[in-house]
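Student: Below is coords_20.txt; it holds compact mmCIF, C-alpha atoms.
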# COMPACT_ATOMS: atom_id res chain seq x y z
CA MET Z 23 -47.97 -8.34 -67.88
CA SER Z 24 -48.84 -11.60 -69.46
CA GLN Z 25 -52.18 -12.34 -70.99
CA HIS Z 26 -53.83 -15.50 -69.70
CA SER Z 27 -56.89 -17.10 -71.11
CA HIS Z 28 -59.34 -18.98 -68.94
CA LEU Z 29 -57.87 -22.31 -70.06
CA GLU Z 30 -54.30 -21.34 -69.21
CA GLU Z 31 -55.02 -20.40 -65.60
CA GLY Z 32 -55.22 -23.98 -64.43
CA HIS Z 33 -58.97 -24.17 -63.94
CA GLU Z 34 -59.23 -27.82 -64.81
CA HIS Z 35 -61.54 -29.34 -62.26
CA GLY Z 36 -61.61 -32.88 -63.58
CA GLY Z 37 -64.14 -34.54 -61.28
CA HIS Z 38 -66.04 -31.31 -60.68
CA ALA Z 39 -67.15 -31.17 -64.30
CA GLY Z 40 -70.39 -33.01 -63.40
CA MET Z 41 -71.58 -30.11 -61.23
CA ASP Z 42 -73.21 -27.88 -63.82
CA LYS Z 43 -76.27 -25.67 -63.45
CA ALA Z 44 -78.65 -28.46 -64.42
CA LYS Z 45 -77.25 -30.75 -61.71
CA ILE Z 46 -77.45 -27.97 -59.11
CA TRP Z 47 -81.09 -27.32 -59.98
CA LYS Z 48 -81.86 -31.05 -59.92
CA VAL Z 49 -80.37 -31.43 -56.43
CA ALA Z 50 -82.14 -28.25 -55.26
CA GLY Z 51 -85.40 -29.69 -56.60
CA ILE Z 52 -84.86 -32.96 -54.74
CA LEU Z 53 -84.16 -31.05 -51.52
CA THR Z 54 -87.29 -28.94 -52.04
CA LEU Z 55 -89.38 -32.07 -52.63
CA ILE Z 56 -88.07 -33.72 -49.46
CA THR Z 57 -88.78 -30.55 -47.49
CA ALA Z 58 -92.32 -30.42 -48.90
CA ILE Z 59 -92.88 -34.03 -47.82
CA GLU Z 60 -91.66 -33.14 -44.32
CA PHE Z 61 -94.10 -30.22 -44.17
CA ILE Z 62 -96.98 -32.41 -45.34
CA ILE Z 63 -96.18 -34.93 -42.64
CA ALA Z 64 -95.83 -32.25 -39.95
CA LEU Z 65 -98.87 -30.16 -40.87
CA TRP Z 66 -101.31 -32.71 -42.24
CA ALA Z 67 -100.44 -36.37 -41.65
CA ILE Z 68 -99.53 -36.34 -37.95
CA PRO Z 69 -102.15 -33.80 -36.75
CA GLY Z 70 -104.82 -35.51 -38.85
CA GLY Z 71 -104.06 -38.89 -37.33
CA HIS Z 72 -102.94 -40.42 -40.63
CA ILE Z 73 -99.49 -41.27 -39.21
CA PRO Z 74 -98.65 -41.88 -35.53
CA GLN Z 75 -96.14 -39.46 -33.98
CA HIS Z 76 -93.41 -42.08 -33.48
CA ILE Z 77 -93.63 -43.22 -37.11
CA GLY Z 78 -93.50 -39.58 -38.20
CA ASN Z 79 -90.33 -39.09 -36.16
CA TYR Z 80 -88.63 -42.01 -37.91
CA ILE Z 81 -89.68 -40.62 -41.29
CA TYR Z 82 -88.28 -37.19 -40.31
CA ILE Z 83 -84.97 -38.76 -39.34
CA ALA Z 84 -84.73 -40.72 -42.60
CA LEU Z 85 -85.65 -37.72 -44.74
CA THR Z 86 -83.21 -35.50 -42.84
CA LEU Z 87 -80.40 -38.00 -43.44
CA VAL Z 88 -81.22 -38.06 -47.16
CA LYS Z 89 -81.17 -34.25 -47.25
CA ALA Z 90 -77.87 -34.21 -45.36
CA PHE Z 91 -76.40 -36.62 -47.91
CA TYR Z 92 -77.40 -34.42 -50.84
CA ILE Z 93 -76.12 -31.26 -49.19
CA VAL Z 94 -72.78 -32.77 -48.21
CA ALA Z 95 -72.29 -34.73 -51.43
CA TYR Z 96 -73.18 -32.04 -53.94
CA PHE Z 97 -73.09 -28.58 -52.36
CA MET Z 98 -70.07 -29.30 -50.17
CA HIS Z 99 -68.48 -31.31 -53.04
CA LEU Z 100 -67.72 -34.42 -50.97
CA LYS Z 101 -68.96 -36.61 -53.82
CA TYR Z 102 -66.00 -35.42 -55.89
CA GLU Z 103 -63.34 -36.04 -53.22
CA LYS Z 104 -61.14 -39.10 -52.95
CA LEU Z 105 -62.52 -42.23 -51.35
CA GLY Z 106 -60.16 -41.98 -48.35
CA LEU Z 107 -61.49 -38.58 -47.33
CA GLN Z 108 -65.07 -39.72 -47.88
CA LEU Z 109 -64.55 -42.74 -45.63
CA ALA Z 110 -62.74 -40.74 -42.95
CA LEU Z 111 -65.53 -38.19 -42.73
CA THR Z 112 -68.30 -40.80 -42.87
CA VAL Z 113 -66.78 -42.99 -40.17
CA SER Z 114 -66.17 -39.96 -37.95
CA PHE Z 115 -69.77 -38.83 -38.42
CA ILE Z 116 -71.10 -42.30 -37.56
CA PHE Z 117 -69.02 -42.41 -34.37
CA ILE Z 118 -70.22 -38.96 -33.32
CA ILE Z 119 -73.86 -39.97 -33.82
CA TYR Z 120 -73.20 -43.25 -31.98
CA PHE Z 121 -71.71 -41.44 -29.00
CA ILE Z 122 -74.59 -38.96 -28.88
CA VAL Z 123 -77.10 -41.83 -28.85
CA LEU Z 124 -75.11 -43.59 -26.11
CA MET Z 125 -75.06 -40.43 -23.98
CA LEU Z 126 -78.81 -39.97 -24.41
CA ILE Z 127 -79.49 -43.58 -23.41
CA GLU Z 128 -77.18 -43.39 -20.40
CA GLY Z 129 -78.63 -40.03 -19.38
CA GLY Z 130 -82.14 -41.43 -19.51
CA PHE Z 131 -81.07 -44.50 -17.55
CA LEU Z 132 -79.41 -42.38 -14.87
CA ASN Z 133 -82.39 -40.05 -14.68
CA ILE Z 134 -84.81 -42.93 -14.11
CA HIS Z 135 -82.65 -44.60 -11.46
CA MET Z 136 -81.66 -41.40 -9.65
CA MET Z 137 -85.31 -40.35 -9.33
CA SER Z 138 -86.25 -43.70 -7.77
CA HIS Z 139 -83.71 -43.33 -4.94
Mind turning this structure into structure tokens?

Tutor:
Amino acid sequence: MSQHSHLEEGHEHGGHAGMDKAKIWKVAGILTLITAIEFIIALWAIPGGHIPQHIGNYIYIALTLVKAFYIVAYFMHLKYEKLGLQLALTVSFIFIIYFIVLMLIEGGFLNIHMMSH
């Protein structure tokens, strides 16, 4: 049996070196802060009349997209992948969201016009 040290086993991660415990805690803190802001909006700002419901919905969507970015970029390690893979996944995600929005718009249009006939 050969003796291998940690350095000899090929554990060079190159681009992954930036993901240490401090960075993980920083990203977790950012996600916690965003979640706290969402709770404040949901439990205080909208019910108290400080923010209208439709504005609150847009804020939720924006904050959710920011949280999704941090989760995908850091915890799923997409930030450390090659640009080609990043672009392929991002473009695919945008098209999926676009098609979902189109289906919702068309479904609403059909619902309105089918009910009137």

Student: Of the candidates Z:Ala58, Z:Ile68, Z:Leu87, Z:Ala95, which one gets nearest to Met41 of chain Z if we count all atoms listed in the file?

Tutor: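 Closest to Met41 of chain Z, using all atoms listed in the file: Z:Ala95.
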
Student: As JSON, please: the centre and edge lengths in Å, to one decimal, of an axis-aligned box enclosing every listed atom of segment 110-123 of chain Z with 5 Å added on each side.

Tutor:
{"center_x": -69.9, "center_y": -40.7, "center_z": -35.9, "size_x": 24.4, "size_y": 15.1, "size_z": 24.1}

Student: Atom CA of Thr86 of chain Z to atom CA of Asp42 of chain Z: how many Å, to one decimal?

Tutor: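 Spanning atom CA of Thr86 of chain Z to atom CA of Asp42 of chain Z is a straight-line distance of 24.5 Å.
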
Student: Show me a table, sorted first by chain and then by increasing residue number, of the residues of segment 90-113 of chain Z having an atom at most 10 Å from segment 50-53 of chain Z, each with its shortest atom pair and the distance in Å to one decimal, counting all atoms listed in the file and written as a Markdown table.

Tutor:
| residue | atom | partner | partner_atom | distance |
| --- | --- | --- | --- | --- |
| Z:Ala90 | CA | Z:Leu53 | CA | 9.4 |
| Z:Tyr92 | CA | Z:Leu53 | CA | 7.6 |
| Z:Ile93 | CA | Z:Leu53 | CA | 8.4 |
| Z:Tyr96 | CA | Z:Ala50 | CA | 9.8 |
| Z:Phe97 | CA | Z:Ala50 | CA | 9.5 |

Student: For the residues in that selection, give me C-alpha atoms as an mmCIF file, keeping the file's coordinate frame.

Tutor:
data_model
loop_
_atom_site.group_PDB
_atom_site.id
_atom_site.type_symbol
_atom_site.label_atom_id
_atom_site.label_comp_id
_atom_site.auth_asym_id
_atom_site.auth_seq_id
_atom_site.Cartn_x
_atom_site.Cartn_y
_atom_site.Cartn_z
ATOM 1 C CA ALA Z 90 -77.870 -34.210 -45.360
ATOM 2 C CA TYR Z 92 -77.400 -34.420 -50.840
ATOM 3 C CA ILE Z 93 -76.120 -31.260 -49.190
ATOM 4 C CA TYR Z 96 -73.180 -32.040 -53.940
ATOM 5 C CA PHE Z 97 -73.090 -28.580 -52.360
#

Student: What is the distance, in Å and to one decimal place, between atom CA of Thr57 of chain Z and atom CA of Tyr82 of chain Z?

Tutor: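 A separation of 9.8 Å between them.
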